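Asks: Supplied in structure tokens, the structure appears directly below.
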Amino acid sequence: LKAVILIGGPQKGTRFRPLSFEVPKPLFPVAGVPMVQHHIEACAKVPGMKEILLMGFYQPNEALSRFLISAQQEFKIPIRYLQEYAALGTGGGIYHFRDQILSGGAEAFFVLNADVCSEFPLQEMLEFQQKHGDMHSFVILGTTANRTQALNYGCIVANADTQEVQHYVEKPSTFVSEIINCGIYLFTPAIFQHIGEVFQRNQQELALEESSNGWQRAEVIRLEQDVFTALAGSGKLYVYKTDGFWSQIKSAGSAIYASRLYLNQYSKSHPERLAQNKPGGPVIRGNVYIHPTASIDSTAVLGPNVSIGEGVTVGAGVRVRESIVLHGASLHDHTCVLNTIVGWDSTIGRWARVEGTPSDPNPNDPYAKINSETLFRDGRLTPSITILGCSVTIPAEVVILNSIVLPHKELSRSYKNQIIL
């Protein structure tokens, strides 16, 4: 068994700015650890997992190399990064590196998108594959969404008895099905034959359109539109439905929601990561992660759903709720931080209030997903969580509401519903 985690590259993830300026999005900390570490942890738990491959077109940089080395040591499993020479799409990358994936005689492999958060029921998908279909069948992880939100995802129509996928449509314009694609797949080497057919067809079409402007590449293959749509109804593709938590992490606001889901899971999977109320320590409400190097005043109140990074300083009487505070940030006495991501090495002055509007799914609908809101609606900034880029300084006694502050800014006054460039 192997696993491939698709981490994309720099030109995407624009909705994640200004945070993705500082660190590749897959390394952004969610619930105290890099986003992609949750994937690696889940893969490493599967018995028989021999290797984990990260695939994308980020230039290999120091942060990525450091992360890979520490993850290998922690999970005792080979982890490598394969760099694509261009954006090849979700299917093009694995086709390009098919020899690497199959080396060592891999019998099956998982493919996971890095920008999802999930319980990752990988073992269950394996058992499901052995029970259903033959050993050459492929499994998509699916979950239920509500009717209107399903249109934003890949929709799966499956046979109710066998769970065989009969029809697959990526982001349909009208309602097709409430079962949506979670971006987590289990493939056997036979998938490369199907991706190869798409590759051949693309090459023929490009050969016919010699006059086309040349930016199209036969190697760009999208698993969802090009492969699953064709495989549906062929008896080779099945869906495993999960009731566990799942969410996309497209925008910075969804990172706070993902952090909440993971912190919630920690009570079962990593109780040691959750902070406890101790005499002489800060007041902890609900699930809170605090990095061991952070210094927190005993009169501070943290939680629920708060993640405090490395070397953070939190002063007296500070209140933090539903927020991620990244390493090196400093919250001076009596600041109030709600629904906010505080960037690396940022400083918030005394008695300041920094607040955003949560973009949570509807709590009364068990199948609601987080809306990936656009930044602007009708020419105005959509109220969303407040994001401070790295090294932002906020003076004492000001209020920052629903705003995005780009890195290295020193603010002098209060702001509301603004992008501060």
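By convention in this document, the chains of the structure tokens carry letters A, B, ... by their order, each chain's residues are numbered from 1, and ligands are numbered from 1 in the order they are shown.
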Please identify the helix (DSSP H, G or I) residues within segment 216-265 of chain A (assignment by DSSP from backbone atoms) and present them as a CSV table (one decimal) with N, CA and C atoms, in the first residue's frame.
Replies:
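Contents of the output file result-v1.csv:
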```csv
chain,number,residue,atom,x,y,z
A,223,LEU,N,-8.9,14.1,-12.6
A,223,LEU,CA,-9.6,12.8,-12.2
A,223,LEU,C,-11.1,12.9,-12.3
A,224,GLU,N,-11.6,14.0,-11.7
A,224,GLU,CA,-13.0,14.2,-11.5
A,224,GLU,C,-13.7,14.2,-12.9
A,225,GLN,N,-13.4,15.3,-13.7
A,225,GLN,CA,-14.2,15.4,-14.9
A,225,GLN,C,-13.8,14.4,-16.0
A,226,ASP,N,-12.5,14.1,-16.1
A,226,ASP,CA,-12.0,13.3,-17.2
A,226,ASP,C,-12.1,11.8,-17.0
A,227,VAL,N,-11.9,11.4,-15.7
A,227,VAL,CA,-11.8,9.9,-15.4
A,227,VAL,C,-13.0,9.4,-14.8
A,228,PHE,N,-13.5,10.0,-13.7
A,228,PHE,CA,-14.7,9.4,-13.0
A,228,PHE,C,-15.9,9.5,-13.9
A,229,THR,N,-16.1,10.6,-14.6
A,229,THR,CA,-17.3,10.7,-15.5
A,229,THR,C,-17.4,9.5,-16.4
A,230,ALA,N,-16.2,9.1,-17.0
A,230,ALA,CA,-16.1,8.0,-17.9
A,230,ALA,C,-16.3,6.7,-17.2
A,231,LEU,N,-15.8,6.5,-16.0
A,231,LEU,CA,-15.8,5.2,-15.3
A,231,LEU,C,-17.2,4.9,-14.7
A,252,ALA,N,-9.3,31.0,4.2
A,252,ALA,CA,-8.8,31.1,5.6
A,252,ALA,C,-9.9,30.8,6.6
A,253,GLY,N,-11.1,31.3,6.4
A,253,GLY,CA,-12.2,31.1,7.3
A,253,GLY,C,-12.5,29.6,7.6
A,254,SER,N,-12.3,28.8,6.5
A,254,SER,CA,-12.6,27.4,6.7
A,254,SER,C,-11.5,26.7,7.5
A,255,ALA,N,-10.3,27.4,7.6
A,255,ALA,CA,-9.3,26.8,8.5
A,255,ALA,C,-9.7,26.8,10.0
A,256,ILE,N,-10.4,27.8,10.4
A,256,ILE,CA,-10.9,27.9,11.8
A,256,ILE,C,-11.9,26.8,12.0
A,257,TYR,N,-12.8,26.6,11.0
A,257,TYR,CA,-13.8,25.5,11.2
A,257,TYR,C,-13.1,24.1,11.2
A,258,ALA,N,-12.1,23.9,10.3
A,258,ALA,CA,-11.4,22.7,10.3
A,258,ALA,C,-10.7,22.4,11.6
A,259,SER,N,-10.1,23.5,12.1
A,259,SER,CA,-9.4,23.4,13.4
A,259,SER,C,-10.4,22.9,14.5
A,260,ARG,N,-11.6,23.4,14.5
A,260,ARG,CA,-12.6,23.0,15.4
A,260,ARG,C,-12.9,21.5,15.3
A,261,LEU,N,-13.0,21.0,14.1
A,261,LEU,CA,-13.3,19.6,13.9
A,261,LEU,C,-12.2,18.7,14.4
A,262,TYR,N,-10.9,19.1,14.1
A,262,TYR,CA,-9.8,18.3,14.5
A,262,TYR,C,-9.6,18.4,16.0
A,263,LEU,N,-9.8,19.6,16.6
A,263,LEU,CA,-9.7,19.7,18.1
A,263,LEU,C,-10.7,18.8,18.8
A,264,ASN,N,-11.9,18.8,18.2
A,264,ASN,CA,-13.0,17.9,18.7
A,264,ASN,C,-12.5,16.5,18.7
A,265,GLN,N,-11.9,16.1,17.6
A,265,GLN,CA,-11.4,14.7,17.5
A,265,GLN,C,-10.3,14.3,18.4
```
Asks: I need the residues in segment 332-388 of chain A that are strand (DSSP E) according to DSSP; give them as a list of chain:residue names.
Replies: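 Across segment 332-388 of chain A, those assigned strand (DSSP E) are A:Cys336, A:Val337, A:Leu338, A:Thr340, A:Ile341, A:Val342, A:Thr347, A:Ile348, A:Arg353, A:Val354, A:Glu355, A:Phe376, A:Arg377, A:Arg380, A:Leu381, A:Thr386, A:Ile387, A:Leu388.
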Asks: Could you please determine the separation between atom CA of Glu22 of chain A and atom CA of Ile69 of chain A in Å, to one decimal place?
Replies: 19.9 Å
Asks: When distances are computed from only C-alpha atoms, which of A:Ser295, A:Asn152, A:Gln163, A:Ser65 shows the smallest separation from Ala232 of chain A?
Replies: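 The shortest atom-to-atom distance to Ala232 of chain A comes from A:Gln163.
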Asks: What does the distance between atom CA of Gln100 of chain A and atom CA of Ala86 of chain A come to in Å, to one decimal place?
Replies: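 Computing it gives 17.6 Å between the two atoms.
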Asks: When you look at Glu322 of chain A with a cut-off of 8 Å (counting only C-alpha atoms), what residues show up, excluding the ones that are within fewer than 3 positions of it in the same chain? I need them as a count of residues only.
Replies: 9
Asks: Hey, which of A:Leu331, A:Ile249, A:Ile191, A:Leu274 ends up closest to Lys369 of chain A? Count only C-alpha atoms.
Replies: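 That would be A:Ile249, the residue with the smallest distance to Lys369 of chain A.
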Asks: For Thr143 of chain A, list every protein, DNA or RNA residue within 7 Å, evaluated using only C-alpha atoms, and leave out those in the same chain fewer than 5 positions away; present the list as JSON, numbers by chain.
Replies: {"A": [179, 180, 181, 182, 241, 242, 243]}
Asks: Can you pull out the residues contacting Phe187 of chain A? Cut-off 6 Å, using only C-alpha atoms, and skip same-chain residues under 5 positions away; I want them as number ranges by chain.
Replies: A: 108-109, 138
Asks: Using only C-alpha atoms, which protein or nucleic acid residues come within 12 Å of His408 of chain A? Drop anything in the same chain fewer than 3 positions from it, and give the result as a ChimeraX atom specification.
Replies: /A:18,21-22,343-347,388-394,405,411,420-421
Asks: For Val116 of chain A, list every protein, DNA or RNA residue within 10 Å, evaluated using only C-alpha atoms, and leave out those in the same chain fewer than 4 positions away; present the list as a list in words.
Replies: Met35, Val36, His38, His39, Leu112, Phe120, Cys182, Gly183, Ile184, Trp246, Ser247, Gln248, Ile249, Lys250, Ser254, Ala255 and Ala258 of chain A
Asks: Nearest to Cys155 of chain A: which of A:Ser137, A:Gln72, A:Ser177, A:Ser359 is it, counting only C-alpha atoms?
Replies: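 The closest residue to Cys155 of chain A is A:Ser177.
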Asks: Any idea what the distance is between atom CA of His291 of chain A and atom CA of Ile40 of chain A?
Replies: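 We find that atom CA of His291 of chain A and atom CA of Ile40 of chain A lie 20.2 Å from each other.
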